[in-house]
Amino acid sequence: MNVKSLPKPLQQAGQDAVLSFGRLSAGARMSPGFLICGAQRCGTTTMYRTLSQHPQVLKAVLHKGVHYFDTGYLHGRGWYQAHFPLRATARLVQQRTGAAPMTFESSPYYLFHPLAAGRIARDLPGVKVIVLLRDPVERAYSAHAHELARGFEREPFERALELEDERLAGEEERLIADATYNSPAHQHQGYLHRGRYLPQLQRMVAAVGRDRVHVVDAGDFFTDPEPVWRQTVEFLGIPDTRVPIFEQNNARPRSPMPQPLRESLLQRFTADDEALATWWGRVPSWRR
């Protein structure tokens, strides 16, 4: 039976039961060897499902995104560990494949949350981080459709952009000042702010180290996935055993963006994209 076909209360009850057991067995569970940290609406679900096909990669037990280092940090480390496979499972995989497996999760808000990078570095020393980037204009438009469908947005796209600075004013400072504070506006309504990638990347690199952050151009991943796959498994230090099935996931249908609006927004991102290209050492696909 597909658990997602069950009524929501039964789904939640099942998840609570698994987490309760997971907390009791937290000391016997794997810790993630890598994380997909964002950016939101940049192909993180596709990368998650692609990497999950690797015989030496074990995904999180319940959810693609655990959201521990952003909105769930007060649950504690035992709660986090409950989301990952048992080390006994890892030993069985190692016996079958001849190499130790890795486990991971994918929470796209980690890149944007001001405290997540520091928490990751402190709690998971040595962890590797994958970040995917996409045309920030299309990312913003996709994020708006996503949040509209989930009920976190009610305004049309252009009006939401007009409101963005007001909605996010002071929210990052509040998140930094109060570890108990969560900001729906910061998490769900940062359409343009979350497309200014360089400051987010610099914060992550400052926390975990440049050699442990792998940046993927989602445009390249979608159009020519095999080279991106090989670079990613090389970064993770796992063998390129076979080419997986590549399928773009989690796309939401939406009408095309009006071209004048798209050109105006692309112009707004020009300086950000140029700074990103200098730091990255390559021109991103949406600017070629």
# chains A, B, ... in the order shown; residues from 1 in each chain; ligands from 1
>>> closest_atom_pairs(of="stretch 20-70 of chain A", to="stretch 241-255 of chain A", cutoff="7 Å", atoms="only C-alpha atoms", output="Markdown table")
| residue | atom | partner | partner_atom | distance |
| --- | --- | --- | --- | --- |
| A:Thr45 | CA | A:Asn249 | CA | 6.1 |
| A:Thr46 | CA | A:Asn249 | CA | 5.1 |
| A:Thr50 | CA | A:Phe246 | CA | 6.4 |
| A:Gln53 | CA | A:Pro244 | CA | 6.4 |
>>> select_by_dssp(residues="stretch 98-269 of chain A", states="strand (DSSP E)", output="JSON, numbers by chain")
{"A": [102, 103, 104, 105, 106, 128, 129, 130, 131, 132, 133, 213, 214, 215, 216, 217]}
>>> write_last_selection(atoms="C-alpha atoms", output="mmCIF file, in the first residue's frame")
data_model
loop_
_atom_site.group_PDB
_atom_site.id
_atom_site.type_symbol
_atom_site.label_atom_id
_atom_site.label_comp_id
_atom_site.auth_asym_id
_atom_site.auth_seq_id
_atom_site.Cartn_x
_atom_site.Cartn_y
_atom_site.Cartn_z
ATOM 1 C CA MET A 102 26.285 7.111 2.661
ATOM 2 C CA THR A 103 22.982 8.593 3.754
ATOM 3 C CA PHE A 104 21.625 12.063 3.061
ATOM 4 C CA GLU A 105 18.656 14.395 2.988
ATOM 5 C CA SER A 106 17.607 17.430 0.974
ATOM 6 C CA LYS A 128 29.650 17.507 2.174
ATOM 7 C CA VAL A 129 27.124 19.933 0.697
ATOM 8 C CA ILE A 130 25.520 19.993 -2.741
ATOM 9 C CA VAL A 131 23.949 23.232 -3.988
ATOM 10 C CA LEU A 132 21.988 23.607 -7.217
ATOM 11 C CA LEU A 133 21.507 26.984 -8.897
ATOM 12 C CA VAL A 213 30.648 22.499 -1.289
ATOM 13 C CA HIS A 214 29.751 21.272 -4.779
ATOM 14 C CA VAL A 215 27.795 23.757 -6.904
ATOM 15 C CA VAL A 216 25.665 22.395 -9.744
ATOM 16 C CA ASP A 217 24.166 24.431 -12.570
#
>>> atom_distance(atom1="atom CA of A:Ala275", atom2="atom CA of A:Met204")
16.4 Å
>>> atom_distance(atom1="atom CA of A:Glu171", atom2="atom CA of A:Pro199")
16.4 Å
>>> closest_residue(among="A:Ala218, A:Ala160, A:Val283, A:Val205", to="A:Gln189", atoms="only C-alpha atoms")
A:Ala160
>>> residues_around(residues="A:Arg29", least_positions_apart="3", cutoff="12 Å", atoms="only C-alpha atoms", output="compact mmCIF listing (two decimals) with all heavy atoms, in the first residue's frame")
# COMPACT_ATOMS: atom_id res chain seq x y z
N PHE A 21 10.26 5.37 17.44
CA PHE A 21 11.22 4.27 17.41
C PHE A 21 12.60 4.78 17.04
O PHE A 21 13.62 4.37 17.60
CB PHE A 21 10.77 3.19 16.43
CG PHE A 21 11.82 2.14 16.19
CD1 PHE A 21 12.12 1.21 17.17
CD2 PHE A 21 12.54 2.10 15.00
CE1 PHE A 21 13.10 0.24 16.96
CE2 PHE A 21 13.52 1.14 14.78
CZ PHE A 21 13.80 0.21 15.77
N GLY A 22 12.62 5.71 16.08
CA GLY A 22 13.90 6.24 15.62
C GLY A 22 14.66 6.94 16.72
O GLY A 22 15.88 6.83 16.83
N ARG A 23 13.95 7.68 17.60
CA ARG A 23 14.61 8.35 18.70
C ARG A 23 15.22 7.34 19.68
O ARG A 23 16.32 7.54 20.20
CB ARG A 23 13.62 9.25 19.44
CG ARG A 23 13.26 10.52 18.68
CD ARG A 23 12.40 11.42 19.52
NE ARG A 23 12.11 12.68 18.86
CZ ARG A 23 11.51 13.72 19.44
NH1 ARG A 23 11.15 13.64 20.70
NH2 ARG A 23 11.28 14.82 18.76
N LEU A 24 14.50 6.27 19.93
CA LEU A 24 15.00 5.24 20.84
C LEU A 24 16.26 4.57 20.28
O LEU A 24 17.11 4.12 21.04
CB LEU A 24 13.92 4.19 21.09
CG LEU A 24 12.68 4.66 21.88
CD1 LEU A 24 11.62 3.58 21.92
CD2 LEU A 24 13.08 5.07 23.30
N SER A 25 16.35 4.52 18.96
CA SER A 25 17.48 3.85 18.32
C SER A 25 18.44 4.83 17.67
O SER A 25 19.24 4.45 16.81
CB SER A 25 16.96 2.87 17.26
OG SER A 25 16.17 3.54 16.29
N ALA A 26 18.39 6.12 18.09
CA ALA A 26 19.18 7.16 17.44
C ALA A 26 20.67 6.83 17.44
O ALA A 26 21.37 7.08 16.47
CB ALA A 26 18.94 8.51 18.12
N PRO A 32 24.23 11.67 8.27
CA PRO A 32 24.38 11.98 6.84
C PRO A 32 25.82 12.32 6.47
O PRO A 32 26.50 13.05 7.19
CB PRO A 32 23.45 13.18 6.63
CG PRO A 32 23.20 13.74 7.98
CD PRO A 32 23.32 12.60 8.95
N LEU A 58 21.92 5.81 0.65
CA LEU A 58 20.68 5.51 1.35
C LEU A 58 20.00 6.82 1.72
O LEU A 58 20.60 7.66 2.41
CB LEU A 58 20.96 4.69 2.62
CG LEU A 58 21.72 3.38 2.43
CD1 LEU A 58 21.98 2.72 3.77
CD2 LEU A 58 20.93 2.44 1.52
N ALA A 60 17.05 9.43 3.40
CA ALA A 60 16.39 9.57 4.69
C ALA A 60 15.16 8.67 4.75
O ALA A 60 14.53 8.38 3.73
CB ALA A 60 16.02 11.03 4.93
N VAL A 61 14.79 8.25 5.95
CA VAL A 61 13.75 7.24 6.12
C VAL A 61 12.37 7.77 5.79
O VAL A 61 11.58 7.10 5.12
CB VAL A 61 13.78 6.71 7.57
CG1 VAL A 61 12.61 5.77 7.83
CG2 VAL A 61 15.10 5.99 7.84
N ARG A 77 19.21 16.55 18.50
CA ARG A 77 19.94 15.67 17.60
C ARG A 77 19.32 14.27 17.51
O ARG A 77 19.36 13.63 16.47
CB ARG A 77 21.40 15.58 18.06
CG ARG A 77 22.31 14.77 17.14
CD ARG A 77 22.38 15.38 15.74
NE ARG A 77 23.18 14.54 14.87
CZ ARG A 77 24.50 14.67 14.70
NH1 ARG A 77 25.15 15.62 15.36
NH2 ARG A 77 25.14 13.88 13.87
N GLY A 78 18.75 13.77 18.62
CA GLY A 78 18.11 12.46 18.57
C GLY A 78 16.96 12.42 17.59
O GLY A 78 16.79 11.43 16.86
N TRP A 79 16.20 13.50 17.55
CA TRP A 79 15.09 13.60 16.58
C TRP A 79 15.63 13.56 15.16
O TRP A 79 15.08 12.89 14.29
CB TRP A 79 14.33 14.90 16.84
CG TRP A 79 13.20 15.19 15.91
CD1 TRP A 79 11.90 14.80 16.06
CD2 TRP A 79 13.24 15.95 14.69
NE1 TRP A 79 11.13 15.26 15.02
CE2 TRP A 79 11.94 15.97 14.16
CE3 TRP A 79 14.27 16.61 14.00
CZ2 TRP A 79 11.62 16.63 12.98
CZ3 TRP A 79 13.96 17.27 12.83
CH2 TRP A 79 12.65 17.27 12.31
N TYR A 80 16.74 14.27 14.94
CA TYR A 80 17.33 14.30 13.60
C TYR A 80 17.83 12.91 13.20
O TYR A 80 17.54 12.42 12.11
CB TYR A 80 18.48 15.31 13.57
CG TYR A 80 19.07 15.53 12.19
CD1 TYR A 80 18.26 15.89 11.12
CD2 TYR A 80 20.44 15.40 11.97
CE1 TYR A 80 18.80 16.12 9.86
CE2 TYR A 80 20.98 15.62 10.72
CZ TYR A 80 20.15 15.98 9.66
OH TYR A 80 20.69 16.20 8.41
N GLN A 81 18.56 12.27 14.10
CA GLN A 81 19.11 10.95 13.79
C GLN A 81 18.00 9.94 13.49
O GLN A 81 18.20 8.98 12.73
CB GLN A 81 19.95 10.44 14.95
CG GLN A 81 21.28 11.14 15.12
CD GLN A 81 22.22 10.91 13.96
OE1 GLN A 81 22.79 11.86 13.44
NE2 GLN A 81 22.39 9.68 13.51
N ALA A 82 16.82 10.15 14.07
CA ALA A 82 15.71 9.22 13.86
C ALA A 82 15.27 9.15 12.40
O ALA A 82 14.60 8.19 12.01
CB ALA A 82 14.52 9.64 14.73
N HIS A 83 15.66 10.13 11.61
CA HIS A 83 15.24 10.17 10.21
C HIS A 83 16.14 9.35 9.28
O HIS A 83 15.86 9.29 8.07
CB HIS A 83 15.22 11.63 9.72
CG HIS A 83 14.10 12.44 10.29
ND1 HIS A 83 14.14 13.00 11.54
CD2 HIS A 83 12.89 12.76 9.77
CE1 HIS A 83 13.01 13.65 11.77
NE2 HIS A 83 12.24 13.52 10.72
N PHE A 84 17.18 8.72 9.80
CA PHE A 84 18.15 8.07 8.93
C PHE A 84 18.20 6.56 9.16
O PHE A 84 17.77 6.06 10.20
CB PHE A 84 19.53 8.71 9.12
CG PHE A 84 19.54 10.16 8.72
CD1 PHE A 84 19.45 11.16 9.66
CD2 PHE A 84 19.58 10.50 7.37
CE1 PHE A 84 19.42 12.50 9.28
CE2 PHE A 84 19.55 11.83 6.97
CZ PHE A 84 19.47 12.82 7.92
N PRO A 85 18.73 5.81 8.19
CA PRO A 85 18.75 4.35 8.30
C PRO A 85 19.62 3.86 9.45
O PRO A 85 20.53 4.56 9.92
CB PRO A 85 19.32 3.90 6.95
CG PRO A 85 19.15 5.06 6.04
CD PRO A 85 19.24 6.28 6.89
N LEU A 86 19.34 2.65 9.89
CA LEU A 86 20.15 2.01 10.92
C LEU A 86 21.53 1.65 10.35
O LEU A 86 21.66 1.32 9.17
CB LEU A 86 19.46 0.74 11.41
CG LEU A 86 18.18 0.95 12.23
CD1 LEU A 86 17.39 -0.35 12.29
CD2 LEU A 86 18.51 1.46 13.62
N ARG A 87 22.53 1.67 11.21
CA ARG A 87 23.86 1.27 10.77
C ARG A 87 23.89 -0.22 10.39
O ARG A 87 24.71 -0.63 9.57
CB ARG A 87 24.89 1.58 11.86
CG ARG A 87 25.17 3.09 12.02
CD ARG A 87 26.50 3.34 12.70
NE ARG A 87 26.50 2.86 14.07
CZ ARG A 87 26.14 3.59 15.14
NH1 ARG A 87 25.73 4.84 14.96
NH2 ARG A 87 26.17 3.08 16.35
N ALA A 88 22.98 -0.99 10.97
CA ALA A 88 22.88 -2.40 10.58
C ALA A 88 22.48 -2.53 9.12
O ALA A 88 22.97 -3.41 8.40
CB ALA A 88 21.86 -3.12 11.47
N THR A 89 21.60 -1.63 8.67
CA THR A 89 21.24 -1.61 7.25
C THR A 89 22.45 -1.26 6.39
O THR A 89 22.68 -1.85 5.33
CB THR A 89 20.11 -0.59 7.01
OG1 THR A 89 18.98 -0.93 7.82
CG2 THR A 89 19.70 -0.55 5.55
N ALA A 90 23.24 -0.30 6.87
CA ALA A 90 24.45 0.10 6.14
C ALA A 90 25.42 -1.07 6.02
O ALA A 90 26.07 -1.24 4.98
CB ALA A 90 25.11 1.29 6.83
N ARG A 91 25.53 -1.87 7.08
CA ARG A 91 26.45 -3.01 7.01
C ARG A 91 26.00 -4.03 5.97
O ARG A 91 26.82 -4.62 5.27
CB ARG A 91 26.56 -3.65 8.40
CG ARG A 91 27.37 -2.83 9.39
CD ARG A 91 27.73 -3.63 10.61
NE ARG A 91 26.57 -3.93 11.43
CZ ARG A 91 26.11 -3.14 12.41
NH1 ARG A 91 26.73 -1.99 12.69
NH2 ARG A 91 25.06 -3.50 13.12
N MET A 102 26.52 5.80 2.07
CA MET A 102 26.28 7.11 2.66
C MET A 102 24.78 7.34 2.76
O MET A 102 24.01 6.77 1.98
CB MET A 102 26.88 8.23 1.79
CG MET A 102 28.33 8.06 1.43
SD MET A 102 28.90 9.37 0.30
CE MET A 102 29.11 10.73 1.44
N THR A 103 24.37 8.17 3.70
CA THR A 103 22.98 8.59 3.75
C THR A 103 22.92 10.11 3.65
O THR A 103 23.93 10.80 3.88
CB THR A 103 22.28 8.09 5.03
OG1 THR A 103 20.86 8.36 4.93
CG2 THR A 103 22.81 8.77 6.28
>>> residues_around(residues="stretch 135-137 of chain A", least_positions_apart="5", cutoff="12 Å", atoms="only C-alpha atoms", output="ChimeraX atom specification")
/A:39-43,142-144,157,161,190-198,217-220,257-259,261-270,272-273,276,283-288
>>> closest_residue(among="A:Gly170, A:Gly33, A:Pro256, A:Gly27", to="A:Ser183", atoms="only C-alpha atoms")
A:Gly170
>>> atom_distance(atom1="atom CA of A:Ser31", atom2="atom CA of A:Thr180")
24.1 Å
>>> select_by_dssp(residues="stretch 2-228 of chain A", states="alpha helix (DSSP H)", output="ChimeraX atom specification")
/A:8-24,44-51,77-81,87-97,116-123,136-150,157-168,171-177,184-188,197-208,218-223,225-228
